[in-house]
Amino acid sequence: MYDQATLAAQLQRLLSLEGTEAEEDALIAEIGANVADPAWMDQIYQSRAFETADGTIDLQAASAHILSYKAIQL
C-alpha cells in the first residue's frame with residue numbers, strides 16, 4: 001500500500017506521462033494494486049472536487065481522499 005507522498009508522486013507521474021499506452025496501463029495497474037479505493041481513477045479524471053482555481057489537481061488532497069477509503073465488510 002502506498003503512503004500519501006508516494007501516491008501523490010505516482011499520480012503526478014501518471015498525469016504527466018507521455019509514454020505509450022502500455023506504459024500508462026502498467027502505471028494504472030500499479031497504482032490500482034497499491035490503493036484500496038476501486039474508484040481512485042474517478043477522483044482524478046472525473047471529479048472536480050480536487051481541482052484548484054488554475055485548473056490543476058491538488059494531488060495531496062486527492063491522495064489523502066483516495067487513501068481514506070475503507071471497504072465495507074458485509
# chains A, B, ... in the order shown; residues from 1 in each chain; ligands from 1

call {"tool": "residues_around", "arguments": {"residues": "region 5-20 of chain A", "least_positions_apart": "5", "cutoff": "12 Å", "atoms": "only C-alpha atoms", "output": "list in words"}}
result
Asp25, Ala26, Leu27, Ile28, Ala29, Glu30, Ile31, Gly32, Ala33, Asn34, Val35, Ala36, Trp40, Met41, Gln43, Ile44, Tyr45, Thr56, Ile57, Asp58, Leu59, Gln60, Ala61, Ala62, Ser63, Ala64, His65, Ile66 and Leu67 of chain A

call {"tool": "atom_distance", "arguments": {"atom1": "CA of Glu23 (chain A)", "atom2": "CA of Tyr2 (chain A)"}}
result
19.4 Å

call {"tool": "select_by_dssp", "arguments": {"residues": "chain A", "states": "helix (DSSP H, G or I)", "output": "PyMOL selection string"}}
result
chain A and resi 4-16+21-33+40-45+59-67

call {"tool": "decode", "arguments": {"residues": "region 17-51 of chain A", "atoms": "N, CA, C and O atoms", "output": "mmCIF file, in the first residue's frame"}}
result
data_model
loop_
_atom_site.group_PDB
_atom_site.id
_atom_site.type_symbol
_atom_site.label_atom_id
_atom_site.label_comp_id
_atom_site.auth_asym_id
_atom_site.auth_seq_id
_atom_site.Cartn_x
_atom_site.Cartn_y
_atom_site.Cartn_z
ATOM 1 N N LEU A 17 2.630 11.620 -17.848
ATOM 2 C CA LEU A 17 3.217 10.556 -18.661
ATOM 3 C C LEU A 17 2.981 10.813 -20.143
ATOM 4 O O LEU A 17 1.861 11.076 -20.569
ATOM 5 N N GLU A 18 4.047 10.747 -20.896
ATOM 6 C CA GLU A 18 3.954 10.905 -22.348
ATOM 7 C C GLU A 18 4.483 9.657 -23.043
ATOM 8 O O GLU A 18 5.044 9.734 -24.123
ATOM 9 N N GLY A 19 4.286 8.536 -22.398
ATOM 10 C CA GLY A 19 4.764 7.276 -22.948
ATOM 11 C C GLY A 19 3.700 6.585 -23.772
ATOM 12 O O GLY A 19 2.719 7.192 -24.211
ATOM 13 N N THR A 20 3.880 5.318 -23.939
ATOM 14 C CA THR A 20 2.946 4.517 -24.726
ATOM 15 C C THR A 20 1.729 4.150 -23.892
ATOM 16 O O THR A 20 1.723 4.308 -22.666
ATOM 17 N N GLU A 21 0.720 3.648 -24.552
ATOM 18 C CA GLU A 21 -0.480 3.207 -23.857
ATOM 19 C C GLU A 21 -0.150 2.056 -22.913
ATOM 20 O O GLU A 21 -0.713 1.962 -21.819
ATOM 21 N N ALA A 22 0.772 1.206 -23.304
ATOM 22 C CA ALA A 22 1.178 0.090 -22.453
ATOM 23 C C ALA A 22 1.837 0.590 -21.169
ATOM 24 O O ALA A 22 1.598 0.036 -20.086
ATOM 25 N N GLU A 23 2.636 1.649 -21.270
ATOM 26 C CA GLU A 23 3.269 2.222 -20.079
ATOM 27 C C GLU A 23 2.214 2.839 -19.153
ATOM 28 O O GLU A 23 2.285 2.698 -17.932
ATOM 29 N N GLU A 24 1.254 3.505 -19.755
ATOM 30 C CA GLU A 24 0.172 4.086 -18.970
ATOM 31 C C GLU A 24 -0.642 3.001 -18.279
ATOM 32 O O GLU A 24 -0.959 3.104 -17.099
ATOM 33 N N ASP A 25 -0.969 1.950 -19.004
ATOM 34 C CA ASP A 25 -1.723 0.834 -18.428
ATOM 35 C C ASP A 25 -0.964 0.188 -17.279
ATOM 36 O O ASP A 25 -1.563 -0.186 -16.261
ATOM 37 N N ALA A 26 0.352 0.035 -17.431
ATOM 38 C CA ALA A 26 1.167 -0.563 -16.376
ATOM 39 C C ALA A 26 1.166 0.309 -15.127
ATOM 40 O O ALA A 26 1.060 -0.202 -14.001
ATOM 41 N N LEU A 27 1.259 1.620 -15.299
ATOM 42 C CA LEU A 27 1.245 2.531 -14.152
ATOM 43 C C LEU A 27 -0.128 2.541 -13.486
ATOM 44 O O LEU A 27 -0.225 2.538 -12.264
ATOM 45 N N ILE A 28 -1.182 2.511 -14.265
ATOM 46 C CA ILE A 28 -2.539 2.447 -13.711
ATOM 47 C C ILE A 28 -2.720 1.159 -12.910
ATOM 48 O O ILE A 28 -3.276 1.181 -11.810
ATOM 49 N N ALA A 29 -2.232 0.049 -13.429
ATOM 50 C CA ALA A 29 -2.330 -1.227 -12.716
ATOM 51 C C ALA A 29 -1.526 -1.186 -11.422
ATOM 52 O O ALA A 29 -1.977 -1.701 -10.386
ATOM 53 N N GLU A 30 -0.343 -0.574 -11.470
ATOM 54 C CA GLU A 30 0.494 -0.476 -10.271
ATOM 55 C C GLU A 30 -0.191 0.348 -9.189
ATOM 56 O O GLU A 30 -0.224 -0.047 -8.020
ATOM 57 N N ILE A 31 -0.741 1.493 -9.580
ATOM 58 C CA ILE A 31 -1.438 2.336 -8.603
ATOM 59 C C ILE A 31 -2.651 1.587 -8.055
ATOM 60 O O ILE A 31 -2.875 1.551 -6.843
ATOM 61 N N GLY A 32 -3.421 0.975 -8.932
ATOM 62 C CA GLY A 32 -4.608 0.227 -8.505
ATOM 63 C C GLY A 32 -4.299 -0.898 -7.540
ATOM 64 O O GLY A 32 -5.089 -1.188 -6.639
ATOM 65 N N ALA A 33 -3.138 -1.514 -7.689
ATOM 66 C CA ALA A 33 -2.735 -2.601 -6.800
ATOM 67 C C ALA A 33 -2.285 -2.087 -5.439
ATOM 68 O O ALA A 33 -2.192 -2.862 -4.487
ATOM 69 N N ASN A 34 -2.022 -0.788 -5.351
ATOM 70 C CA ASN A 34 -1.488 -0.223 -4.103
ATOM 71 C C ASN A 34 -2.443 0.717 -3.375
ATOM 72 O O ASN A 34 -2.042 1.376 -2.419
ATOM 73 N N VAL A 35 -3.679 0.801 -3.841
ATOM 74 C CA VAL A 35 -4.708 1.572 -3.140
ATOM 75 C C VAL A 35 -5.956 0.703 -3.006
ATOM 76 O O VAL A 35 -6.223 -0.146 -3.851
ATOM 77 N N ALA A 36 -6.722 0.913 -1.938
ATOM 78 C CA ALA A 36 -7.921 0.106 -1.706
ATOM 79 C C ALA A 36 -9.138 0.627 -2.459
ATOM 80 O O ALA A 36 -10.062 -0.128 -2.746
ATOM 81 N N ASP A 37 -9.147 1.904 -2.800
ATOM 82 C CA ASP A 37 -10.299 2.531 -3.443
ATOM 83 C C ASP A 37 -10.425 2.047 -4.888
ATOM 84 O O ASP A 37 -9.582 2.355 -5.726
ATOM 85 N N PRO A 38 -11.487 1.307 -5.198
ATOM 86 C CA PRO A 38 -11.637 0.805 -6.564
ATOM 87 C C PRO A 38 -11.972 1.904 -7.573
ATOM 88 O O PRO A 38 -11.829 1.710 -8.776
ATOM 89 N N ALA A 39 -12.402 3.057 -7.089
ATOM 90 C CA ALA A 39 -12.783 4.161 -7.975
ATOM 91 C C ALA A 39 -11.763 5.298 -7.911
ATOM 92 O O ALA A 39 -12.103 6.451 -8.152
ATOM 93 N N TRP A 40 -10.510 4.995 -7.644
ATOM 94 C CA TRP A 40 -9.497 6.038 -7.492
ATOM 95 C C TRP A 40 -9.337 6.865 -8.763
ATOM 96 O O TRP A 40 -9.102 8.069 -8.687
ATOM 97 N N MET A 41 -9.498 6.251 -9.920
ATOM 98 C CA MET A 41 -9.337 6.995 -11.175
ATOM 99 C C MET A 41 -10.435 8.044 -11.356
ATOM 100 O O MET A 41 -10.196 9.100 -11.933
ATOM 101 N N ASP A 42 -11.623 7.763 -10.845
ATOM 102 C CA ASP A 42 -12.717 8.736 -10.929
ATOM 103 C C ASP A 42 -12.357 10.015 -10.182
ATOM 104 O O ASP A 42 -12.746 11.108 -10.596
ATOM 105 N N GLN A 43 -11.639 9.883 -9.072
ATOM 106 C CA GLN A 43 -11.236 11.057 -8.288
ATOM 107 C C GLN A 43 -10.281 11.949 -9.073
ATOM 108 O O GLN A 43 -10.243 13.159 -8.854
ATOM 109 N N ILE A 44 -9.529 11.365 -9.977
ATOM 110 C CA ILE A 44 -8.549 12.117 -10.751
ATOM 111 C C ILE A 44 -9.134 12.633 -12.060
ATOM 112 O O ILE A 44 -8.951 13.795 -12.424
ATOM 113 N N TYR A 45 -9.847 11.790 -12.775
ATOM 114 C CA TYR A 45 -10.281 12.139 -14.124
ATOM 115 C C TYR A 45 -11.703 12.660 -14.235
ATOM 116 O O TYR A 45 -12.029 13.348 -15.204
ATOM 117 N N GLN A 46 -12.593 12.329 -13.295
ATOM 118 C CA GLN A 46 -13.993 12.712 -13.470
ATOM 119 C C GLN A 46 -14.527 13.648 -12.396
ATOM 120 O O GLN A 46 -15.538 14.303 -12.605
ATOM 121 N N SER A 47 -13.873 13.717 -11.272
ATOM 122 C CA SER A 47 -14.331 14.573 -10.189
ATOM 123 C C SER A 47 -13.652 15.940 -10.271
ATOM 124 O O SER A 47 -12.499 16.044 -10.670
ATOM 125 N N ARG A 48 -14.366 16.944 -9.886
ATOM 126 C CA ARG A 48 -13.779 18.283 -9.814
ATOM 127 C C ARG A 48 -13.520 18.672 -8.361
ATOM 128 O O ARG A 48 -13.182 19.808 -8.074
ATOM 129 N N ALA A 49 -13.676 17.729 -7.461
ATOM 130 C CA ALA A 49 -13.531 18.007 -6.038
ATOM 131 C C ALA A 49 -12.124 18.474 -5.672
ATOM 132 O O ALA A 49 -11.953 19.228 -4.715
ATOM 133 N N PHE A 50 -11.137 18.059 -6.422
ATOM 134 C CA PHE A 50 -9.754 18.386 -6.084
ATOM 135 C C PHE A 50 -9.120 19.341 -7.095
ATOM 136 O O PHE A 50 -7.920 19.537 -7.094
ATOM 137 N N GLU A 51 -9.948 19.921 -7.940
ATOM 138 C CA GLU A 51 -9.456 20.866 -8.930
ATOM 139 C C GLU A 51 -9.198 22.216 -8.269
ATOM 140 O O GLU A 51 -10.029 22.723 -7.519
#
